[in-house]
Amino acid sequence: MKIIFAKHLICIKHCDKQYRLILENLIEKDGKECIEGFLICPNCNSKYPIIEGIAIIVNNFPGYIENRTEMYGKWLLECKTDSMKEFLKDSGRSVSTRLAESDLYEDGGIWYFPYKWFQQENHREDRLIKSLKWNINPDELYDRVINSINPKFDGIALDLGCAMGKSTIKLGKKYSFVIGVDLSFSFIKEARKVMQQDLQGNVEFCVADTSSLPFHRMKFDLVLVMNLIELVNPKELLSTIHKLLKPQCDVIITDPYDYNRKRIIEDKYDAQSFRQLVEDNGFEINPSNKKKEAFIPWILKINERVYLFYFVDFIRAKKLSKHKLF
Ligand SMILES: C[S@@+](CC[C@H](N)C(=O)[O-])C[C@H]1O[C@@H](n2cnc3c(N)ncnc32)[C@H](O)[C@@H]1O
Ligand SMILES: [Zn+2]
């Protein structure tokens with residue numbers, strides 16, 4: 001984690017008082033990075049670990065490792081400092097003994113490979129893409145989204161559910177600083193590798209849950225949410241985005257409304273009902289996508305013989321300063 005990133009982060013245990021987290025840097029690299037350490041709240045003393053250079057800012061760390069037991073074992077074996085070992089052992093003692101499901105978006109989970117293919121591989125040599133008569137470009141979704149954004153070189157942007165950070169890194173070319181957030185440690189690890197290869201100094205990633213994000217209110221000039229809404233509570237998500245955005249700033253949401261892959265059973269939305277929800281939660285939809293839904297191709301490769309093809313909707317909406325919540 002870049003040392004300067006600490007100044008962007010606040011404690012998630014108390015929403016009313018927003019305390020900036022203090023970095024305890026146990027293992028440093030080049031005077032600029034924290035490889036192992038803690039982010040500590042000066043008010044409630046909550047400790048959030050930084051492991052393999054990745055800040056994990058979640059409310060319930062034992063709950064987080066419960067779905068990632070293999071990864072937890074690896075952290076325990078490979079961490080370098082006694083303080084981290086102690087912290088991990090303590091957290092392990094609070095893990096419930098029930099058999100928990102492994103997270104599907106971590107390395108080894110069913111969604112890991114499809115996103116790695118989509119976000120990191122060269123699609124030109126892919127068997128399906130080569131054999132299609134229709135010249136389909138799996139990057140079209142990112143290209144359309146990023147091209148629709150006007151640069152704001154003094155602005156700060158947030159990419160929620162960023163996976164391996166392809167969209168985050170592209171946004172880095174248009175904003176002064178961009179933060180990518182995802183619950184999957186494995187995805188964030190890959191995203192940080194690409195960030196380091198590209199020498200992107202103005203991008204950083206952390207593990208966090210969209211239901212409690214470690215950022216000040218009205219911090220962001222843009223929030224990007226690609227293909228996430230079925231996996232979270234969409235009303236809560238919109239309310240969080242409303243708080244995080246500066247007045248009159250935009251959220252961009254893309255989604256296939258595919259409830260076959262959802263984890264949480266909530267209300268299901270389609271293009272029309274989701275637009276209504278966005279408006280009911282204090283946003284004004286851009287006239288160009290208010291009535292007309294988009295159909296942007298998006299392909300995920302499940303394995304050598306199975307692909308998922310989606311048409312994804314696109315909504316751009318502006319935060320209205322005054323709005324009543326119903
Ligand atoms: C369908 S993928 C979309 C990834 C990327 N935005 C894209 O469009 O290529 C959803 C991502 O959201 C992450 N995710 C799911 N629930 C989350 C939550 N509550 N908080 C943060 N990230 C979450 C998953 O780990 C996964 O990387
Ligand atoms: Zn605190």
# chains A, B, ... in the order shown; residues from 1 in each chain; ligands from 1
$ closest_atom_pairs --of "chain A" --to "ligand 1" --cutoff "8 Å" --atoms "only C-alpha atoms and all ligand atoms" --output "JSON lines"
{"residue": "A:Leu104", "atom": "CA", "partner": "ligand 1", "partner_atom_place_in_ligand_line": "25 (O)", "distance": 7.9}
{"residue": "A:Tyr105", "atom": "CA", "partner": "ligand 1", "partner_atom_place_in_ligand_line": "25 (O)", "distance": 5.0}
{"residue": "A:Glu106", "atom": "CA", "partner": "ligand 1", "partner_atom_place_in_ligand_line": "25 (O)", "distance": 7.5}
{"residue": "A:Tyr115", "atom": "CA", "partner": "ligand 1", "partner_atom_place_in_ligand_line": "9 (O)", "distance": 6.6}
{"residue": "A:Phe118", "atom": "CA", "partner": "ligand 1", "partner_atom_place_in_ligand_line": "9 (O)", "distance": 7.3}
{"residue": "A:Gln119", "atom": "CA", "partner": "ligand 1", "partner_atom_place_in_ligand_line": "9 (O)", "distance": 6.7}
{"residue": "A:Asp159", "atom": "CA", "partner": "ligand 1", "partner_atom_place_in_ligand_line": "6 (N)", "distance": 7.6}
{"residue": "A:Leu160", "atom": "CA", "partner": "ligand 1", "partner_atom_place_in_ligand_line": "21 (C)", "distance": 6.3}
{"residue": "A:Gly161", "atom": "CA", "partner": "ligand 1", "partner_atom_place_in_ligand_line": "12 (O)", "distance": 3.6}
{"residue": "A:Cys162", "atom": "CA", "partner": "ligand 1", "partner_atom_place_in_ligand_line": "6 (N)", "distance": 4.3}
{"residue": "A:Ala163", "atom": "CA", "partner": "ligand 1", "partner_atom_place_in_ligand_line": "27 (O)", "distance": 3.7}
{"residue": "A:Met164", "atom": "CA", "partner": "ligand 1", "partner_atom_place_in_ligand_line": "27 (O)", "distance": 7.3}
{"residue": "A:Gly165", "atom": "CA", "partner": "ligand 1", "partner_atom_place_in_ligand_line": "5 (C)", "distance": 7.6}
{"residue": "A:Lys166", "atom": "CA", "partner": "ligand 1", "partner_atom_place_in_ligand_line": "9 (O)", "distance": 7.5}
{"residue": "A:Ser167", "atom": "CA", "partner": "ligand 1", "partner_atom_place_in_ligand_line": "6 (N)", "distance": 7.5}
{"residue": "A:Val181", "atom": "CA", "partner": "ligand 1", "partner_atom_place_in_ligand_line": "21 (C)", "distance": 6.2}
{"residue": "A:Asp182", "atom": "CA", "partner": "ligand 1", "partner_atom_place_in_ligand_line": "22 (N)", "distance": 3.8}
{"residue": "A:Leu183", "atom": "CA", "partner": "ligand 1", "partner_atom_place_in_ligand_line": "22 (N)", "distance": 4.2}
{"residue": "A:Ser184", "atom": "CA", "partner": "ligand 1", "partner_atom_place_in_ligand_line": "25 (O)", "distance": 4.6}
{"residue": "A:Phe187", "atom": "CA", "partner": "ligand 1", "partner_atom_place_in_ligand_line": "27 (O)", "distance": 6.7}
{"residue": "A:Val207", "atom": "CA", "partner": "ligand 1", "partner_atom_place_in_ligand_line": "21 (C)", "distance": 7.5}
{"residue": "A:Ala208", "atom": "CA", "partner": "ligand 1", "partner_atom_place_in_ligand_line": "21 (C)", "distance": 5.8}
{"residue": "A:Asp209", "atom": "CA", "partner": "ligand 1", "partner_atom_place_in_ligand_line": "20 (N)", "distance": 3.5}
{"residue": "A:Thr210", "atom": "CA", "partner": "ligand 1", "partner_atom_place_in_ligand_line": "20 (N)", "distance": 4.0}
{"residue": "A:Ser211", "atom": "CA", "partner": "ligand 1", "partner_atom_place_in_ligand_line": "19 (N)", "distance": 6.1}
{"residue": "A:Val225", "atom": "CA", "partner": "ligand 1", "partner_atom_place_in_ligand_line": "6 (N)", "distance": 6.3}
{"residue": "A:Met226", "atom": "CA", "partner": "ligand 1", "partner_atom_place_in_ligand_line": "6 (N)", "distance": 4.1}
{"residue": "A:Asn227", "atom": "CA", "partner": "ligand 1", "partner_atom_place_in_ligand_line": "8 (O)", "distance": 4.7}
{"residue": "A:Leu228", "atom": "CA", "partner": "ligand 1", "partner_atom_place_in_ligand_line": "10 (C)", "distance": 4.8}
{"residue": "A:Leu231", "atom": "CA", "partner": "ligand 1", "partner_atom_place_in_ligand_line": "16 (N)", "distance": 5.3}
{"residue": "A:Val232", "atom": "CA", "partner": "ligand 1", "partner_atom_place_in_ligand_line": "19 (N)", "distance": 5.5}
{"residue": "A:Thr254", "atom": "CA", "partner": "ligand 1", "partner_atom_place_in_ligand_line": "8 (O)", "distance": 7.7}
$ select_by_dssp --residues "segment 37-142 of chain A" --states "strand (DSSP E)" --output "list of chain:residue names"
A:Gly37, A:Phe38, A:Leu39, A:Ile40, A:Lys47, A:Tyr48, A:Pro49, A:Ile50, A:Ile51, A:Ile54, A:Ala55, A:Ile56, A:Ile57
$ closest_residue --among "A:Pro214, A:Gly92, A:Gly155, A:Pro49" --to "ligand 2" --atoms "only C-alpha atoms and all ligand atoms"
A:Pro214
$ residues_near_ligand --ligand "ligand 2" --cutoff "10 Å" --atoms "only C-alpha atoms and all ligand atoms" --output "list in words"
Ile10, Cys11, Ile12, Lys13, His14, Cys15, Lys17, Gln18, Tyr19, Arg20, Leu21, Ile40, Cys41, Pro42, Asn43, Cys44, Asn45, Ser46 and Lys47 of chain A
$ closest_residue --among "A:Arg68, A:Lys189, A:His216, A:Lys80" --to "Glu28 of chain A" --atoms "only C-alpha atoms"
A:Lys80
$ residues_around --residues "Ala157 of chain A" --least-positions-apart "6" --cutoff "10 Å" --atoms "only C-alpha atoms" --output "ChimeraX atom specification"
/A:168,171-172,174-180,203,219-224,245,250-251
$ write_last_selection --atoms "N, CA and C atoms" --output "compact mmCIF listing (two decimals), in the first residue's frame"
# COMPACT_ATOMS: atom_id res chain seq x y z
N THR A 168 -10.18 0.70 -13.19
CA THR A 168 -9.54 1.64 -12.25
C THR A 168 -8.30 2.25 -12.90
N LEU A 171 -9.13 4.65 -15.55
CA LEU A 171 -9.61 5.91 -14.98
C LEU A 171 -8.46 6.79 -14.49
N GLY A 172 -7.36 6.13 -14.10
CA GLY A 172 -6.17 6.84 -13.61
C GLY A 172 -5.62 7.82 -14.64
N LYS A 174 -7.44 9.78 -16.30
CA LYS A 174 -8.36 10.91 -16.42
C LYS A 174 -8.55 11.68 -15.12
N TYR A 175 -8.09 11.10 -14.00
CA TYR A 175 -8.29 11.74 -12.69
C TYR A 175 -6.95 11.88 -11.96
N SER A 176 -6.91 12.76 -10.98
CA SER A 176 -5.63 12.95 -10.27
C SER A 176 -5.35 11.75 -9.37
N PHE A 177 -6.40 11.16 -8.80
CA PHE A 177 -6.20 9.96 -7.98
C PHE A 177 -7.44 9.06 -8.12
N VAL A 178 -7.20 7.75 -8.20
CA VAL A 178 -8.32 6.81 -8.34
C VAL A 178 -8.14 5.66 -7.35
N ILE A 179 -9.23 5.31 -6.67
CA ILE A 179 -9.19 4.22 -5.70
C ILE A 179 -10.08 3.08 -6.19
N GLY A 180 -9.53 1.87 -6.21
CA GLY A 180 -10.30 0.68 -6.56
C GLY A 180 -10.56 -0.14 -5.31
N VAL A 203 -2.91 5.65 -8.55
CA VAL A 203 -3.98 4.66 -8.36
C VAL A 203 -3.62 3.84 -7.12
N LYS A 219 -16.26 12.98 -0.87
CA LYS A 219 -14.84 12.93 -1.23
C LYS A 219 -14.63 12.84 -2.75
N PHE A 220 -15.61 12.22 -3.44
CA PHE A 220 -15.32 11.80 -4.82
C PHE A 220 -16.01 12.65 -5.89
N ASP A 221 -15.30 12.79 -7.03
CA ASP A 221 -15.84 13.50 -8.19
C ASP A 221 -16.52 12.53 -9.15
N LEU A 222 -16.25 11.24 -8.98
CA LEU A 222 -16.90 10.23 -9.82
C LEU A 222 -16.90 8.90 -9.08
N VAL A 223 -18.02 8.17 -9.18
CA VAL A 223 -18.04 6.78 -8.68
C VAL A 223 -18.44 5.89 -9.85
N LEU A 224 -17.65 4.82 -10.05
CA LEU A 224 -17.93 3.86 -11.11
C LEU A 224 -18.35 2.53 -10.48
N LEU A 245 -20.28 11.04 -2.97
CA LEU A 245 -20.06 11.96 -4.09
C LEU A 245 -20.13 13.42 -3.64
N ASP A 250 -21.02 12.73 -10.70
CA ASP A 250 -21.70 11.63 -11.39
C ASP A 250 -21.36 10.25 -10.85
N VAL A 251 -22.37 9.38 -10.95
CA VAL A 251 -22.12 7.94 -10.79
C VAL A 251 -22.37 7.30 -12.16
$ select_by_dssp --residues "segment 28-257 of chain A" --states "alpha helix (DSSP H)" --output "PyMOL selection string"
chain A and resi 61-66+69-78+82-93+112-120+127-131+140-147+166-171+185-197+234-244
$ atom_distance --atom1 "atom CA of Leu39 of chain A" --atom2 "atom CA of Ile22 of chain A"
5.4 Å
